[in-house]
file target_5.pdb (PDB, C-alpha atoms)
ATOM      1  CA  GLN F 514       0.000   0.000   0.000
ATOM      2  CA  VAL F 515       1.472   3.321  -1.082
ATOM      3  CA  GLN F 516       0.937   6.216   1.291
ATOM      4  CA  LEU F 517       1.175   9.697  -0.183
ATOM      5  CA  VAL F 518       1.590  12.821   1.940
ATOM      6  CA  GLU F 519       1.181  16.281   0.418
ATOM      7  CA  SER F 520       2.671  19.450   1.875
ATOM      8  CA  GLY F 521       3.353  23.049   0.933
ATOM      9  CA  GLY F 522      -0.164  24.427   0.728
ATOM     10  CA  GLY F 523      -1.204  27.692   2.313
ATOM     11  CA  LEU F 524      -2.567  31.172   1.773
ATOM     12  CA  VAL F 525      -0.910  33.274  -0.920
ATOM     13  CA  GLN F 526      -1.717  36.411  -2.867
ATOM     14  CA  ALA F 527      -2.586  36.395  -6.543
ATOM     15  CA  GLY F 528       0.526  36.480  -8.709
ATOM     16  CA  ALA F 529       2.691  34.699  -6.158
ATOM     17  CA  SER F 530       4.438  31.344  -6.446
ATOM     18  CA  LEU F 531       4.029  28.208  -4.384
ATOM     19  CA  ARG F 532       5.568  24.753  -4.466
ATOM     20  CA  LEU F 533       3.690  21.668  -3.402
ATOM     21  CA  SER F 534       5.411  18.413  -2.505
ATOM     22  CA  CYS F 535       4.149  14.881  -2.236
ATOM     23  CA  ALA F 536       6.270  12.228  -0.554
ATOM     24  CA  ALA F 537       5.736   8.488  -0.554
ATOM     25  CA  SER F 538       6.884   5.822   1.847
ATOM     26  CA  GLU F 539       6.940   3.004  -0.667
ATOM     27  CA  PRO F 540      10.077   2.588  -2.844
ATOM     28  CA  ALA F 541       7.887   1.381  -5.734
ATOM     29  CA  PHE F 542       6.665   4.982  -5.959
ATOM     30  CA  LYS F 543       9.585   5.733  -8.239
ATOM     31  CA  THR F 544       8.216   3.296 -10.849
ATOM     32  CA  TYR F 545       4.729   4.850 -11.002
ATOM     33  CA  ALA F 546       3.284   7.653 -13.065
ATOM     34  CA  LEU F 547       2.213  10.477 -10.763
ATOM     35  CA  ALA F 548      -0.304  13.260 -10.990
ATOM     36  CA  TRP F 549      -1.768  16.274  -9.270
ATOM     37  CA  PHE F 550      -5.491  16.946  -9.157
ATOM     38  CA  ARG F 551      -7.441  19.652  -7.384
ATOM     39  CA  GLN F 552     -10.947  20.082  -6.072
ATOM     40  CA  ALA F 553     -12.652  23.358  -5.255
ATOM     41  CA  PRO F 554     -15.776  23.501  -3.065
ATOM     42  CA  GLU F 555     -18.851  22.104  -4.822
ATOM     43  CA  LYS F 556     -16.827  21.248  -7.943
ATOM     44  CA  GLU F 557     -15.589  17.983  -9.400
ATOM     45  CA  ARG F 558     -12.001  16.921  -8.999
ATOM     46  CA  GLU F 559      -9.970  18.502 -11.795
ATOM     47  CA  PHE F 560      -6.812  17.269 -13.480
ATOM     48  CA  VAL F 561      -3.798  19.544 -13.006
ATOM     49  CA  ALA F 562      -0.672  17.723 -14.206
ATOM     50  CA  ALA F 563       0.892  14.289 -14.602
ATOM     51  CA  ILE F 564       4.384  12.870 -15.112
ATOM     52  CA  SER F 565       5.633   9.476 -16.267
ATOM     53  CA  TYR F 566       7.769   7.279 -14.008
ATOM     54  CA  ASN F 567      11.019   8.494 -15.587
ATOM     55  CA  GLY F 568       9.978  12.113 -15.987
ATOM     56  CA  GLY F 569      10.098  11.888 -19.760
ATOM     57  CA  LYS F 570       6.434  12.662 -20.330
ATOM     58  CA  THR F 571       4.391  15.431 -18.742
ATOM     59  CA  ILE F 572       0.882  16.690 -19.451
ATOM     60  CA  TYR F 573      -1.075  19.623 -18.024
ATOM     61  CA  GLY F 574      -4.618  20.763 -17.651
ATOM     62  CA  ASP F 575      -5.613  23.674 -19.866
ATOM     63  CA  SER F 576      -6.210  26.011 -16.936
ATOM     64  CA  VAL F 577      -2.654  25.653 -15.581
ATOM     65  CA  ASP F 578      -0.596  25.010 -18.714
ATOM     66  CA  GLY F 579       2.260  27.484 -18.885
ATOM     67  CA  ARG F 580       1.972  28.464 -15.192
ATOM     68  CA  PHE F 581       2.464  25.181 -13.307
ATOM     69  CA  THR F 582       5.287  22.654 -13.615
ATOM     70  CA  ILE F 583       5.302  19.083 -12.391
ATOM     71  CA  SER F 584       8.588  17.362 -11.595
ATOM     72  CA  ARG F 585       9.826  14.425  -9.573
ATOM     73  CA  ASN F 586      12.881  13.321  -7.642
ATOM     74  CA  ASN F 587      12.862   9.538  -7.540
ATOM     75  CA  ALA F 588      15.837   9.439  -5.195
ATOM     76  CA  LYS F 589      13.654  11.241  -2.649
ATOM     77  CA  ASN F 590      10.397   9.487  -3.574
ATOM     78  CA  THR F 591       8.871  12.919  -4.076
ATOM     79  CA  VAL F 592       6.823  14.678  -6.727
ATOM     80  CA  TYR F 593       6.503  18.461  -6.902
ATOM     81  CA  LEU F 594       4.101  20.985  -8.332
ATOM     82  CA  GLU F 595       5.613  24.404  -8.941
ATOM     83  CA  MET F 596       2.792  26.935  -9.132
ATOM     84  CA  ASN F 597       3.575  30.342 -10.626
ATOM     85  CA  SER F 598       1.370  33.381 -11.243
ATOM     86  CA  VAL F 599      -1.376  31.872  -9.137
ATOM     87  CA  LYS F 600      -4.924  33.141  -9.469
ATOM     88  CA  PRO F 601      -7.906  33.127  -7.100
ATOM     89  CA  GLU F 602      -9.443  30.405  -9.261
ATOM     90  CA  ASP F 603      -6.524  28.137  -8.340
ATOM     91  CA  THR F 604      -7.970  27.942  -4.831
ATOM     92  CA  ALA F 605      -8.662  24.276  -4.075
ATOM     93  CA  VAL F 606      -7.528  21.226  -2.191
ATOM     94  CA  TYR F 607      -4.647  19.721  -4.154
ATOM     95  CA  TYR F 608      -4.191  15.957  -4.239
ATOM     96  CA  CYS F 609      -1.305  13.874  -5.511
ATOM     97  CA  ALA F 610      -1.939  10.456  -6.992
ATOM     98  CA  ALA F 611       0.034   7.436  -8.195
ATOM     99  CA  ASP F 612      -1.137   5.022 -10.864
ATOM    100  CA  GLY F 613       0.324   1.896  -9.241
ATOM    101  CA  ILE F 614       1.633   0.538 -12.568
ATOM    102  CA  GLU F 615       5.351  -0.278 -12.726
ATOM    103  CA  SER F 616       7.444   1.599 -15.283
ATOM    104  CA  SER F 617       4.425   3.499 -16.518
ATOM    105  CA  ILE F 618       5.192   5.859 -19.372
ATOM    106  CA  VAL F 619       1.545   6.494 -20.192
ATOM    107  CA  VAL F 620      -0.018   9.332 -18.217
ATOM    108  CA  PHE F 621      -3.733   9.992 -17.923
ATOM    109  CA  PRO F 622      -5.660  13.183 -17.135
ATOM    110  CA  TYR F 623      -8.439  11.176 -15.461
ATOM    111  CA  THR F 624      -8.971  10.244 -11.825
ATOM    112  CA  MET F 625      -9.749   6.642 -12.785
ATOM    113  CA  GLY F 626      -6.190   6.231 -14.002
ATOM    114  CA  TYR F 627      -4.784   6.479 -10.470
ATOM    115  CA  GLN F 628      -4.908   3.913  -7.713
ATOM    116  CA  TYR F 629      -3.338   5.717  -4.771
ATOM    117  CA  TRP F 630      -4.259   9.121  -3.400
ATOM    118  CA  GLY F 631      -3.008  11.473  -0.743
ATOM    119  CA  GLN F 632      -5.176  13.328   1.767
ATOM    120  CA  GLY F 633      -4.726  16.686   0.060
ATOM    121  CA  THR F 634      -3.308  20.091   0.920
ATOM    122  CA  GLN F 635      -5.305  23.335   0.859
ATOM    123  CA  VAL F 636      -4.198  26.161  -1.407
ATOM    124  CA  THR F 637      -5.973  29.489  -1.043
ATOM    125  CA  VAL F 638      -5.214  32.401  -3.347
ATOM    126  CA  SER F 639      -6.413  35.837  -2.298
ATOM    127  CA  SER F 640      -7.103  38.601  -4.792
TER
END
call {"tool": "encode", "arguments": {"input": "target_5.pdb", "output": "structure tokens"}}
result
Amino acid sequence: QVQLVESGGGLVQAGASLRLSCAASEPAFKTYALAWFRQAPEKEREFVAAISYNGGKTIYGDSVDGRFTISRNNAKNTVYLEMNSVKPEDTAVYYCAADGIESSIVVFPYTMGYQYWGQGTQVTVSS
């Protein structure tokens, strides 16, 4: 069972930058594709970004493309989400997820593609 723990959320002003981290306890984490999703109050969970197990493939949601960057450090069993030029509409609980498939180079922008989920970290952007 892979446990994922997000950190780095908080309250920031519009236009600022923020970096989220997600650490895993399971060494197999480094073989999985990883993703970030977010969920605002009374909205469905939304795809943010995903990265293949080796970092060679990344995809982004339309609303964050060009502002957010996903990366990973397999030596530290950690995935990051660098958030730049944040907007009030970025306010949400951010979740990291792992697909649970070894050596996965295919990344999906759908929640059903991911088996393991963290508890989430709140990001609030003030205007």
call {"tool": "atom_distance", "arguments": {"input": "target_5.pdb", "atom1": "atom CA of F:Phe581", "atom2": "atom CA of F:Gln514"}}
result
28.6 Å
call {"tool": "resolve_selection", "arguments": {"input": "target_5.pdb", "expression": "the PyMOL selection byres ((chain F and resi 543-552) around 6)", "output": "PDB file with C-alpha atoms, in the coordinates of the input"}}
result
ATOM      1  CA  ALA F 541       7.887   1.381  -5.734  1.00  0.00           C
ATOM      2  CA  PHE F 542       6.665   4.982  -5.959  1.00  0.00           C
ATOM      3  CA  ALA F 553     -12.652  23.358  -5.255  1.00  0.00           C
ATOM      4  CA  ARG F 558     -12.001  16.921  -8.999  1.00  0.00           C
ATOM      5  CA  GLU F 559      -9.970  18.502 -11.795  1.00  0.00           C
ATOM      6  CA  PHE F 560      -6.812  17.269 -13.480  1.00  0.00           C
ATOM      7  CA  VAL F 561      -3.798  19.544 -13.006  1.00  0.00           C
ATOM      8  CA  ALA F 562      -0.672  17.723 -14.206  1.00  0.00           C
ATOM      9  CA  ALA F 563       0.892  14.289 -14.602  1.00  0.00           C
ATOM     10  CA  ILE F 564       4.384  12.870 -15.112  1.00  0.00           C
ATOM     11  CA  SER F 565       5.633   9.476 -16.267  1.00  0.00           C
ATOM     12  CA  TYR F 566       7.769   7.279 -14.008  1.00  0.00           C
ATOM     13  CA  ASN F 587      12.862   9.538  -7.540  1.00  0.00           C
ATOM     14  CA  ALA F 605      -8.662  24.276  -4.075  1.00  0.00           C
ATOM     15  CA  VAL F 606      -7.528  21.226  -2.191  1.00  0.00           C
ATOM     16  CA  TYR F 607      -4.647  19.721  -4.154  1.00  0.00           C
ATOM     17  CA  TYR F 608      -4.191  15.957  -4.239  1.00  0.00           C
ATOM     18  CA  CYS F 609      -1.305  13.874  -5.511  1.00  0.00           C
ATOM     19  CA  ALA F 610      -1.939  10.456  -6.992  1.00  0.00           C
ATOM     20  CA  ALA F 611       0.034   7.436  -8.195  1.00  0.00           C
ATOM     21  CA  ASP F 612      -1.137   5.022 -10.864  1.00  0.00           C
ATOM     22  CA  GLY F 613       0.324   1.896  -9.241  1.00  0.00           C
ATOM     23  CA  ILE F 614       1.633   0.538 -12.568  1.00  0.00           C
ATOM     24  CA  GLU F 615       5.351  -0.278 -12.726  1.00  0.00           C
ATOM     25  CA  SER F 616       7.444   1.599 -15.283  1.00  0.00           C
ATOM     26  CA  SER F 617       4.425   3.499 -16.518  1.00  0.00           C
TER      27      SER F 617
END
call {"tool": "closest_residue", "arguments": {"input": "target_5.pdb", "among": "F:Thr624, F:Thr604, F:Ser530, F:Asn567", "to": "F:Thr637", "atoms": "only C-alpha atoms"}}
result
F:Thr604
call {"tool": "resolve_selection", "arguments": {"input": "target_5.pdb", "expression": "the PyMOL selection byres ((chain F and resi 598) around 7)", "output": "PyMOL selection string"}}
result
chain F and resi 527-530+580+596-597+599-600
call {"tool": "write_last_selection", "arguments": {"input": "target_5.pdb", "atoms": "C-alpha atoms", "output": "compact mmCIF listing (two decimals), in the frame of the given file"}}
result
# COMPACT_ATOMS: atom_id res chain seq x y z
CA ALA F 527 -2.59 36.40 -6.54
CA GLY F 528 0.53 36.48 -8.71
CA ALA F 529 2.69 34.70 -6.16
CA SER F 530 4.44 31.34 -6.45
CA ARG F 580 1.97 28.46 -15.19
CA MET F 596 2.79 26.94 -9.13
CA ASN F 597 3.58 30.34 -10.63
CA VAL F 599 -1.38 31.87 -9.14
CA LYS F 600 -4.92 33.14 -9.47
call {"tool": "resolve_selection", "arguments": {"input": "target_5.pdb", "expression": "the PyMOL selection byres ((chain F and resi 519) around 7)", "output": "list of chain:residue names"}}
result
F:Leu517, F:Val518, F:Ser520, F:Ser534, F:Cys535, F:Ala536, F:Cys609, F:Gly631, F:Gly633, F:Thr634
call {"tool": "atom_distance", "arguments": {"input": "target_5.pdb", "atom1": "atom CA of F:Gln526", "atom2": "atom CA of F:Glu595"}}
result
15.3 Å
call {"tool": "build_atoms", "arguments": {"input": "target_5.pdb", "residues": "stretch 592-618 of chain F", "atoms": "N, CA, C and O atoms", "output": "PDB file, in the coordinates of the input"}}
result
ATOM      1  N   VAL F 592       7.267  13.964  -5.536  1.00  0.00           N
ATOM      2  CA  VAL F 592       6.823  14.678  -6.727  1.00  0.00           C
ATOM      3  C   VAL F 592       6.464  16.103  -6.312  1.00  0.00           C
ATOM      4  O   VAL F 592       6.007  16.328  -5.182  1.00  0.00           O
ATOM      5  N   TYR F 593       6.707  17.045  -7.207  1.00  0.00           N
ATOM      6  CA  TYR F 593       6.503  18.461  -6.902  1.00  0.00           C
ATOM      7  C   TYR F 593       5.527  19.085  -7.889  1.00  0.00           C
ATOM      8  O   TYR F 593       5.386  18.625  -9.021  1.00  0.00           O
ATOM      9  N   LEU F 594       4.891  20.157  -7.432  1.00  0.00           N
ATOM     10  CA  LEU F 594       4.101  20.985  -8.332  1.00  0.00           C
ATOM     11  C   LEU F 594       4.495  22.430  -8.073  1.00  0.00           C
ATOM     12  O   LEU F 594       4.205  22.980  -7.004  1.00  0.00           O
ATOM     13  N   GLU F 595       5.211  23.009  -9.023  1.00  0.00           N
ATOM     14  CA  GLU F 595       5.613  24.404  -8.941  1.00  0.00           C
ATOM     15  C   GLU F 595       4.493  25.234  -9.541  1.00  0.00           C
ATOM     16  O   GLU F 595       4.137  25.067 -10.711  1.00  0.00           O
ATOM     17  N   MET F 596       3.934  26.124  -8.726  1.00  0.00           N
ATOM     18  CA  MET F 596       2.792  26.935  -9.132  1.00  0.00           C
ATOM     19  C   MET F 596       3.238  28.387  -9.226  1.00  0.00           C
ATOM     20  O   MET F 596       3.642  28.979  -8.217  1.00  0.00           O
ATOM     21  N   ASN F 597       3.183  28.956 -10.413  1.00  0.00           N
ATOM     22  CA  ASN F 597       3.575  30.342 -10.626  1.00  0.00           C
ATOM     23  C   ASN F 597       2.372  31.166 -11.083  1.00  0.00           C
ATOM     24  O   ASN F 597       1.423  30.635 -11.651  1.00  0.00           O
ATOM     25  N   SER F 598       2.436  32.453 -10.822  1.00  0.00           N
ATOM     26  CA  SER F 598       1.370  33.381 -11.243  1.00  0.00           C
ATOM     27  C   SER F 598       0.002  32.841 -10.841  1.00  0.00           C
ATOM     28  O   SER F 598      -0.921  32.776 -11.667  1.00  0.00           O
ATOM     29  N   VAL F 599      -0.123  32.475  -9.581  1.00  0.00           N
ATOM     30  CA  VAL F 599      -1.376  31.872  -9.137  1.00  0.00           C
ATOM     31  C   VAL F 599      -2.516  32.867  -9.186  1.00  0.00           C
ATOM     32  O   VAL F 599      -2.308  34.093  -9.089  1.00  0.00           O
ATOM     33  N   LYS F 600      -3.707  32.331  -9.350  1.00  0.00           N
ATOM     34  CA  LYS F 600      -4.924  33.141  -9.469  1.00  0.00           C
ATOM     35  C   LYS F 600      -5.931  32.696  -8.408  1.00  0.00           C
ATOM     36  O   LYS F 600      -5.856  31.556  -7.940  1.00  0.00           O
ATOM     37  N   PRO F 601      -6.891  33.546  -8.082  1.00  0.00           N
ATOM     38  CA  PRO F 601      -7.906  33.127  -7.100  1.00  0.00           C
ATOM     39  C   PRO F 601      -8.617  31.842  -7.518  1.00  0.00           C
ATOM     40  O   PRO F 601      -8.985  31.029  -6.645  1.00  0.00           O
ATOM     41  N   GLU F 602      -8.770  31.623  -8.798  1.00  0.00           N
ATOM     42  CA  GLU F 602      -9.443  30.405  -9.261  1.00  0.00           C
ATOM     43  C   GLU F 602      -8.597  29.156  -9.099  1.00  0.00           C
ATOM     44  O   GLU F 602      -9.082  28.042  -9.344  1.00  0.00           O
ATOM     45  N   ASP F 603      -7.363  29.289  -8.670  1.00  0.00           N
ATOM     46  CA  ASP F 603      -6.524  28.137  -8.340  1.00  0.00           C
ATOM     47  C   ASP F 603      -6.800  27.621  -6.925  1.00  0.00           C
ATOM     48  O   ASP F 603      -6.249  26.598  -6.520  1.00  0.00           O
ATOM     49  N   THR F 604      -7.628  28.356  -6.190  1.00  0.00           N
ATOM     50  CA  THR F 604      -7.970  27.942  -4.831  1.00  0.00           C
ATOM     51  C   THR F 604      -8.676  26.587  -4.844  1.00  0.00           C
ATOM     52  O   THR F 604      -9.683  26.409  -5.533  1.00  0.00           O
ATOM     53  N   ALA F 605      -8.123  25.640  -4.096  1.00  0.00           N
ATOM     54  CA  ALA F 605      -8.662  24.276  -4.075  1.00  0.00           C
ATOM     55  C   ALA F 605      -7.850  23.431  -3.103  1.00  0.00           C
ATOM     56  O   ALA F 605      -6.781  23.858  -2.639  1.00  0.00           O
ATOM     57  N   VAL F 606      -8.337  22.243  -2.853  1.00  0.00           N
ATOM     58  CA  VAL F 606      -7.528  21.226  -2.191  1.00  0.00           C
ATOM     59  C   VAL F 606      -6.792  20.470  -3.294  1.00  0.00           C
ATOM     60  O   VAL F 606      -7.416  20.017  -4.258  1.00  0.00           O
ATOM     61  N   TYR F 607      -5.480  20.375  -3.149  1.00  0.00           N
ATOM     62  CA  TYR F 607      -4.647  19.721  -4.154  1.00  0.00           C
ATOM     63  C   TYR F 607      -4.259  18.330  -3.677  1.00  0.00           C
ATOM     64  O   TYR F 607      -3.783  18.165  -2.544  1.00  0.00           O
ATOM     65  N   TYR F 608      -4.462  17.356  -4.556  1.00  0.00           N
ATOM     66  CA  TYR F 608      -4.191  15.957  -4.239  1.00  0.00           C
ATOM     67  C   TYR F 608      -3.108  15.410  -5.170  1.00  0.00           C
ATOM     68  O   TYR F 608      -3.137  15.682  -6.377  1.00  0.00           O
ATOM     69  N   CYS F 609      -2.198  14.617  -4.630  1.00  0.00           N
ATOM     70  CA  CYS F 609      -1.305  13.874  -5.511  1.00  0.00           C
ATOM     71  C   CYS F 609      -1.817  12.440  -5.619  1.00  0.00           C
ATOM     72  O   CYS F 609      -2.540  11.952  -4.738  1.00  0.00           O
ATOM     73  N   ALA F 610      -1.448  11.798  -6.716  1.00  0.00           N
ATOM     74  CA  ALA F 610      -1.939  10.456  -6.992  1.00  0.00           C
ATOM     75  C   ALA F 610      -0.868   9.661  -7.724  1.00  0.00           C
ATOM     76  O   ALA F 610      -0.052  10.230  -8.449  1.00  0.00           O
ATOM     77  N   ALA F 611      -0.892   8.344  -7.527  1.00  0.00           N
ATOM     78  CA  ALA F 611       0.034   7.436  -8.195  1.00  0.00           C
ATOM     79  C   ALA F 611      -0.767   6.351  -8.904  1.00  0.00           C
ATOM     80  O   ALA F 611      -1.758   5.861  -8.359  1.00  0.00           O
ATOM     81  N   ASP F 612      -0.317   5.965 -10.107  1.00  0.00           N
ATOM     82  CA  ASP F 612      -1.137   5.022 -10.864  1.00  0.00           C
ATOM     83  C   ASP F 612      -0.953   3.570 -10.444  1.00  0.00           C
ATOM     84  O   ASP F 612      -1.798   2.734 -10.765  1.00  0.00           O
ATOM     85  N   GLY F 613       0.139   3.259  -9.726  1.00  0.00           N
ATOM     86  CA  GLY F 613       0.324   1.896  -9.241  1.00  0.00           C
ATOM     87  C   GLY F 613       0.763   0.908 -10.302  1.00  0.00           C
ATOM     88  O   GLY F 613       0.741  -0.306 -10.063  1.00  0.00           O
ATOM     89  N   ILE F 614       1.194   1.407 -11.473  1.00  0.00           N
ATOM     90  CA  ILE F 614       1.633   0.538 -12.568  1.00  0.00           C
ATOM     91  C   ILE F 614       3.137   0.708 -12.739  1.00  0.00           C
ATOM     92  O   ILE F 614       3.598   1.821 -12.983  1.00  0.00           O
ATOM     93  N   GLU F 615       3.895  -0.380 -12.653  1.00  0.00           N
ATOM     94  CA  GLU F 615       5.351  -0.278 -12.726  1.00  0.00           C
ATOM     95  C   GLU F 615       5.815   0.195 -14.097  1.00  0.00           C
ATOM     96  O   GLU F 615       5.285  -0.234 -15.126  1.00  0.00           O
ATOM     97  N   SER F 616       6.802   1.089 -14.069  1.00  0.00           N
ATOM     98  CA  SER F 616       7.444   1.599 -15.283  1.00  0.00           C
ATOM     99  C   SER F 616       6.429   2.188 -16.256  1.00  0.00           C
ATOM    100  O   SER F 616       6.514   1.970 -17.469  1.00  0.00           O
ATOM    101  N   SER F 617       5.499   2.941 -15.698  1.00  0.00           N
ATOM    102  CA  SER F 617       4.425   3.499 -16.518  1.00  0.00           C
ATOM    103  C   SER F 617       4.887   4.749 -17.257  1.00  0.00           C
ATOM    104  O   SER F 617       5.268   5.742 -16.641  1.00  0.00           O
ATOM    105  N   ILE F 618       4.848   4.684 -18.578  1.00  0.00           N
ATOM    106  CA  ILE F 618       5.192   5.859 -19.372  1.00  0.00           C
ATOM    107  C   ILE F 618       3.953   6.530 -19.944  1.00  0.00           C
ATOM    108  O   ILE F 618       4.039   7.586 -20.561  1.00  0.00           O
TER     109      ILE F 618
END
